[in-house]
file start-v5.tsv (TSV, C-alpha atoms and all ligand atoms)
chain	number	residue	atom	x	y	z
A	1	MET	CA	13.48	11.83	12.68
A	2	LYS	CA	11.11	9.16	11.42
A	3	SER	CA	10.77	10.85	8.04
A	4	PHE	CA	14.54	11.19	7.79
A	5	LEU	CA	14.88	7.49	8.55
A	6	ASN	CA	12.32	6.62	5.88
A	7	PHE	CA	14.16	8.84	3.40
A	8	ALA	CA	17.45	7.10	4.25
A	9	LYS	CA	15.83	3.69	3.67
A	10	VAL	CA	14.56	4.82	0.27
A	11	VAL	CA	18.06	6.03	-0.67
A	12	TRP	CA	19.76	2.87	0.70
A	13	ALA	CA	17.43	0.62	-1.31
A	14	PHE	CA	17.62	2.80	-4.42
A	15	PRO	CA	20.15	0.77	-6.47
A	16	ASN	CA	17.53	-2.02	-6.49
A	17	THR	CA	14.61	0.38	-6.95
A	18	PHE	CA	16.39	1.79	-10.00
A	19	ILE	CA	16.44	-1.64	-11.68
A	20	GLY	CA	12.74	-2.03	-10.85
A	21	LEU	CA	11.94	1.42	-12.26
A	22	VAL	CA	13.69	0.65	-15.55
A	23	ILE	CA	11.60	-2.52	-15.93
A	24	GLY	CA	8.39	-0.95	-14.61
A	25	LEU	CA	8.58	2.24	-16.67
A	26	THR	CA	9.41	0.24	-19.81
A	27	GLY	CA	6.41	-1.97	-19.04
A	28	LEU	CA	4.20	1.13	-18.83
A	29	LEU	CA	5.07	1.91	-22.46
A	30	PHE	CA	3.56	-1.47	-23.37
A	31	GLY	CA	0.21	-1.21	-21.68
A	32	GLY	CA	1.24	-1.54	-18.02
A	33	HIS	CA	-0.17	0.33	-15.02
A	34	VAL	CA	1.34	1.83	-11.87
A	35	ARG	CA	0.12	2.89	-8.43
A	36	ARG	CA	1.69	3.85	-5.13
A	37	VAL	CA	1.01	1.76	-2.01
A	38	GLY	CA	2.79	3.10	1.06
A	39	ARG	CA	6.46	3.54	0.15
A	40	ALA	CA	6.23	1.12	-2.77
A	41	LEU	CA	5.29	1.58	-6.42
A	42	GLU	CA	3.32	-1.31	-7.87
A	43	PHE	CA	3.62	-1.92	-11.63
A	44	TYR	CA	1.44	-4.53	-13.32
A	45	GLU	CA	-0.16	-5.84	-16.54
A	46	GLY	CA	1.16	-5.13	-20.07
A	47	GLY	CA	4.92	-5.15	-20.42
A	48	ILE	CA	5.42	-5.92	-16.72
A	49	LYS	CA	3.46	-9.15	-17.05
A	50	TRP	CA	5.42	-9.99	-20.19
A	51	PHE	CA	8.69	-9.44	-18.33
A	52	LEU	CA	7.68	-11.77	-15.46
A	53	HIS	CA	6.77	-14.47	-17.99
A	54	GLN	CA	10.36	-14.40	-19.32
A	55	LEU	CA	11.73	-15.50	-15.92
A	56	PRO	CA	12.14	-19.18	-14.98
A	57	ASN	CA	8.67	-20.44	-13.91
A	58	GLY	CA	7.53	-16.89	-14.68
A	59	HIS	CA	3.89	-17.84	-15.17
A	60	PHE	CA	3.73	-18.82	-11.50
A	61	ILE	CA	5.30	-15.62	-10.15
A	62	LEU	CA	2.52	-13.45	-8.71
A	63	ALA	CA	4.86	-10.54	-8.00
A	64	MET	CA	8.50	-9.72	-7.39
A	65	THR	CA	10.10	-6.90	-5.48
A	66	LEU	CA	13.11	-4.77	-6.42
A	67	GLY	CA	13.73	-2.15	-3.73
A	68	HIS	CA	10.61	0.02	-3.54
A	69	VAL	CA	9.22	-1.34	-6.80
A	70	VAL	CA	6.87	-4.34	-6.88
A	71	LEU	CA	6.33	-5.90	-10.30
A	72	GLY	CA	3.08	-7.88	-10.49
A	73	GLN	CA	1.22	-9.87	-13.10
A	74	THR	CA	-2.16	-8.29	-12.41
A	75	ASP	CA	-4.07	-6.14	-9.97
A	76	ALA	CA	-5.32	-9.32	-8.26
A	77	SER	CA	-1.90	-10.96	-8.00
A	78	LEU	CA	-0.58	-7.83	-6.28
A	79	GLU	CA	-3.49	-7.92	-3.81
A	80	ILE	CA	-2.74	-11.53	-2.94
A	81	SER	CA	0.99	-11.04	-2.53
A	82	ARG	CA	1.08	-7.55	-0.98
A	83	GLU	CA	1.94	-8.60	2.60
A	84	HIS	CA	4.61	-10.99	1.39
A	85	GLU	CA	6.20	-8.41	-0.92
A	86	ALA	CA	6.06	-5.79	1.87
A	87	VAL	CA	8.42	-8.03	3.87
A	88	HIS	CA	10.78	-8.07	0.88
A	89	VAL	CA	10.60	-4.25	0.70
A	90	GLU	CA	11.73	-4.17	4.36
A	91	GLN	CA	14.55	-6.59	3.53
A	92	TYR	CA	15.73	-4.22	0.78
A	93	GLU	CA	15.56	-1.35	3.27
A	94	ARG	CA	17.79	-3.36	5.63
A	95	TRP	CA	20.26	-4.78	3.08
A	96	GLY	CA	20.31	-1.98	0.48
A	97	PRO	CA	22.81	-2.63	-2.32
A	98	PHE	CA	23.77	-5.97	-0.70
A	99	MET	CA	20.27	-7.43	-0.96
A	100	LEU	CA	20.51	-9.07	-4.39
A	101	PRO	CA	23.99	-10.58	-3.78
A	102	ALA	CA	22.86	-11.75	-0.31
A	103	TYR	CA	19.66	-13.25	-1.72
A	104	PHE	CA	21.55	-14.99	-4.53
A	105	LEU	CA	24.30	-16.36	-2.25
A	106	SER	CA	21.67	-17.58	0.22
A	107	SER	CA	20.00	-19.57	-2.55
A	108	VAL	CA	23.34	-21.08	-3.62
A	109	TYR	CA	24.21	-21.94	0.00
A	110	VAL	CA	20.83	-23.54	0.63
A	111	TRP	CA	21.05	-25.48	-2.63
A	112	LEU	CA	24.57	-26.75	-1.87
A	113	ARG	CA	23.22	-28.09	1.43
A	114	GLY	CA	20.47	-29.96	-0.40
A	115	GLY	CA	17.67	-27.45	0.10
A	116	ARG	CA	15.36	-25.85	-2.44
A	117	LEU	CA	16.76	-22.74	-4.15
A	118	TYR	CA	13.66	-20.66	-3.71
A	119	ARG	CA	11.49	-22.00	-0.89
A	120	ASP	CA	14.33	-22.60	1.56
A	121	ASN	CA	16.02	-19.25	0.95
A	122	PRO	CA	16.01	-17.48	4.36
A	123	PHE	CA	14.67	-14.26	2.79
A	124	GLU	CA	11.67	-16.22	1.49
A	125	ARG	CA	11.25	-18.07	4.78
A	126	GLU	CA	11.08	-14.75	6.60
A	127	ALA	CA	8.57	-13.36	4.10
A	128	ARG	CA	6.37	-16.48	4.36
A	129	ALA	CA	6.56	-16.47	8.15
A	130	ARG	CA	5.36	-12.87	8.29
A	131	ASP	CA	2.66	-12.80	5.59
A	132	HIS	CA	-0.69	-14.45	6.21
A	133	HIS	CA	-0.80	-16.67	3.17
A	134	GLY	CA	2.56	-18.42	3.08
A	135	GLU	CA	2.35	-18.90	-0.66
A	136	SER	CA	3.44	-16.08	-2.94
A	137	ASN	CA	6.88	-15.15	-4.23
B	201	ZN	ZN	9.14	-13.85	-1.71

call {"tool": "encode", "arguments": {"input": "start-v5.tsv", "output": "structure tokens", "more": "lines below"}}
Ligand SMILES: [Zn+2]
result
Amino acid sequence: MKSFLNFAKVVWAFPNTFIGLVIGLTGLLFGGHVRRVGRALEFYEGGIKWFLHQLPNGHFILAMTLGHVVLGQTDASLEISREHEAVHVEQYERWGPFMLPAYFLSSVYVWLRGGRLYRDNPFEREARARDHHGESN
């Protein structure tokens, strides 16, 4: 039963994982690396690092999660942010295809109420509350 449940979570999160795989696998062609940690695939360095740098404030993003894919700058940045990103993986397993719209709308809602787009987003608050660093993305 547990393995069926895990399989269902992987399928439910897959629309997001697919986006992550496209970015991660492309990054591999440009010098990136990949490894599996639990249910997640971590991609880093090379083209993955380049991709993160294209995002707003990208140089400060240690890692970002898309379904069961975690895109990181480096081996070390993934180490630092692993607990935090694991909470995001669980959020994707809960929200599935609704995760990105829910995350985006939460940021807009928080911003309209005078909060900070990123730090006050409830998905980030949950991740910070449950990791042991309280700092990464
Ligand atoms: Zn985060």

call {"tool": "residues_near_ligand", "arguments": {"input": "start-v5.tsv", "ligand": "ligand ZN 201 (chain B)", "cutoff": "8 Å", "atoms": "all atoms listed in the file", "output": "list in words"}}
result
Met64, Thr65, His84, Glu85, His88, Phe123, Glu124, Ala127, Arg128, Ser136 and Asn137 of chain A

call {"tool": "residues_around", "arguments": {"input": "start-v5.tsv", "residues": "region 43-55 of chain A", "least_positions_apart": "2", "cutoff": "7 Å", "atoms": "all atoms listed in the file", "output": "ChimeraX atom specification"}}
result
/A:24,27-28,30-35,41,57-59,61,70-75

call {"tool": "atom_distance", "arguments": {"input": "start-v5.tsv", "atom1": "CA of Leu21 (chain A)", "atom2": "CA of Ser106 (chain A)"}}
result
24.7 Å

call {"tool": "closest_residue", "arguments": {"input": "start-v5.tsv", "among": "A:Glu42, A:Phe98, A:Leu5, A:Tyr109", "to": "Ala76 (chain A)", "atoms": "all atoms listed in the file"}}
result
A:Glu42

call {"tool": "atom_distance", "arguments": {"input": "start-v5.tsv", "atom1": "CA of Glu93 (chain A)", "atom2": "CA of Glu126 (chain A)"}}
result
14.5 Å

call {"tool": "residues_around", "arguments": {"input": "start-v5.tsv", "residues": "region 8-13 of chain A", "least_positions_apart": "3", "cutoff": "10 Å", "atoms": "all atoms listed in the file", "output": "compact mmCIF listing (two decimals) with C-alpha atoms, in the frame of the given file"}}
result
# COMPACT_ATOMS: atom_id res chain seq x y z
CA LYS A 2 11.11 9.16 11.42
CA SER A 3 10.77 10.85 8.04
CA PHE A 4 14.54 11.19 7.79
CA LEU A 5 14.88 7.49 8.55
CA ASN A 16 17.53 -2.02 -6.49
CA THR A 17 14.61 0.38 -6.95
CA PHE A 18 16.39 1.79 -10.00
CA ARG A 39 6.46 3.54 0.15
CA ALA A 40 6.23 1.12 -2.77
CA LEU A 66 13.11 -4.77 -6.42
CA GLY A 67 13.73 -2.15 -3.73
CA HIS A 68 10.61 0.02 -3.54
CA VAL A 89 10.60 -4.25 0.70
CA GLU A 90 11.73 -4.17 4.36
CA GLN A 91 14.55 -6.59 3.53
CA TYR A 92 15.73 -4.22 0.78
CA GLU A 93 15.56 -1.35 3.27
CA ARG A 94 17.79 -3.36 5.63
CA TRP A 95 20.26 -4.78 3.08
CA GLY A 96 20.31 -1.98 0.48
CA PRO A 97 22.81 -2.63 -2.32
CA PHE A 98 23.77 -5.97 -0.70
CA MET A 99 20.27 -7.43 -0.96

call {"tool": "closest_residue", "arguments": {"input": "start-v5.tsv", "among": "A:Leu29, A:Ala63, A:Ile23, A:Val110", "to": "Ile80 (chain A)", "atoms": "only C-alpha atoms"}}
result
A:Ala63

call {"tool": "closest_residue", "arguments": {"input": "start-v5.tsv", "among": "A:Val22, A:Val69, A:Leu117, A:Val108", "to": "Arg36 (chain A)", "atoms": "only C-alpha atoms"}}
result
A:Val69

call {"tool": "atom_distance", "arguments": {"input": "start-v5.tsv", "atom1": "CA of Arg125 (chain A)", "atom2": "CA of Pro101 (chain A)"}}
result
17.1 Å

call {"tool": "closest_residue", "arguments": {"input": "start-v5.tsv", "among": "A:Arg130, A:Ile19, A:Asn6, A:Leu25", "to": "Ala86 (chain A)", "atoms": "only C-alpha atoms"}}
result
A:Arg130

call {"tool": "closest_residue", "arguments": {"input": "start-v5.tsv", "among": "A:Ala129, A:Met1, A:Val37, A:Trp111", "to": "Val87 (chain A)", "atoms": "all atoms listed in the file"}}
result
A:Ala129

call {"tool": "closest_residue", "arguments": {"input": "start-v5.tsv", "among": "A:Asp131, A:Phe14, A:Tyr118, A:Phe7", "to": "Glu83 (chain A)", "atoms": "all atoms listed in the file"}}
result
A:Asp131

call {"tool": "build_atoms", "arguments": {"input": "start-v5.tsv", "residues": "region 72-83 of chain A", "atoms": "N, CA and C atoms", "output": "compact mmCIF listing (two decimals), in the frame of the given file"}}
result
# COMPACT_ATOMS: atom_id res chain seq x y z
N GLY A 72 4.11 -6.85 -10.64
CA GLY A 72 3.08 -7.88 -10.49
C GLY A 72 2.48 -8.25 -11.83
N GLN A 73 1.90 -9.46 -11.87
CA GLN A 73 1.22 -9.87 -13.10
C GLN A 73 -0.01 -9.00 -13.33
N THR A 74 -0.87 -8.97 -12.30
CA THR A 74 -2.16 -8.29 -12.41
C THR A 74 -2.48 -7.57 -11.11
N ASP A 75 -3.53 -6.79 -11.16
CA ASP A 75 -4.07 -6.14 -9.97
C ASP A 75 -4.33 -7.17 -8.88
N ALA A 76 -4.96 -8.29 -9.25
CA ALA A 76 -5.32 -9.32 -8.26
C ALA A 76 -4.09 -10.00 -7.68
N SER A 77 -3.09 -10.27 -8.52
CA SER A 77 -1.90 -10.96 -8.00
C SER A 77 -1.15 -10.06 -7.01
N LEU A 78 -1.21 -8.75 -7.23
CA LEU A 78 -0.58 -7.83 -6.28
C LEU A 78 -1.34 -7.80 -4.95
N GLU A 79 -2.66 -7.87 -5.03
CA GLU A 79 -3.49 -7.92 -3.81
C GLU A 79 -3.11 -9.12 -2.97
N ILE A 80 -3.02 -10.28 -3.64
CA ILE A 80 -2.74 -11.53 -2.94
C ILE A 80 -1.36 -11.51 -2.29
N SER A 81 -0.39 -10.93 -2.99
CA SER A 81 0.99 -11.04 -2.53
C SER A 81 1.49 -9.81 -1.76
N ARG A 82 0.62 -8.84 -1.53
CA ARG A 82 1.08 -7.55 -0.98
C ARG A 82 1.82 -7.69 0.35
N GLU A 83 1.28 -8.47 1.29
CA GLU A 83 1.94 -8.60 2.60
C GLU A 83 3.30 -9.25 2.47
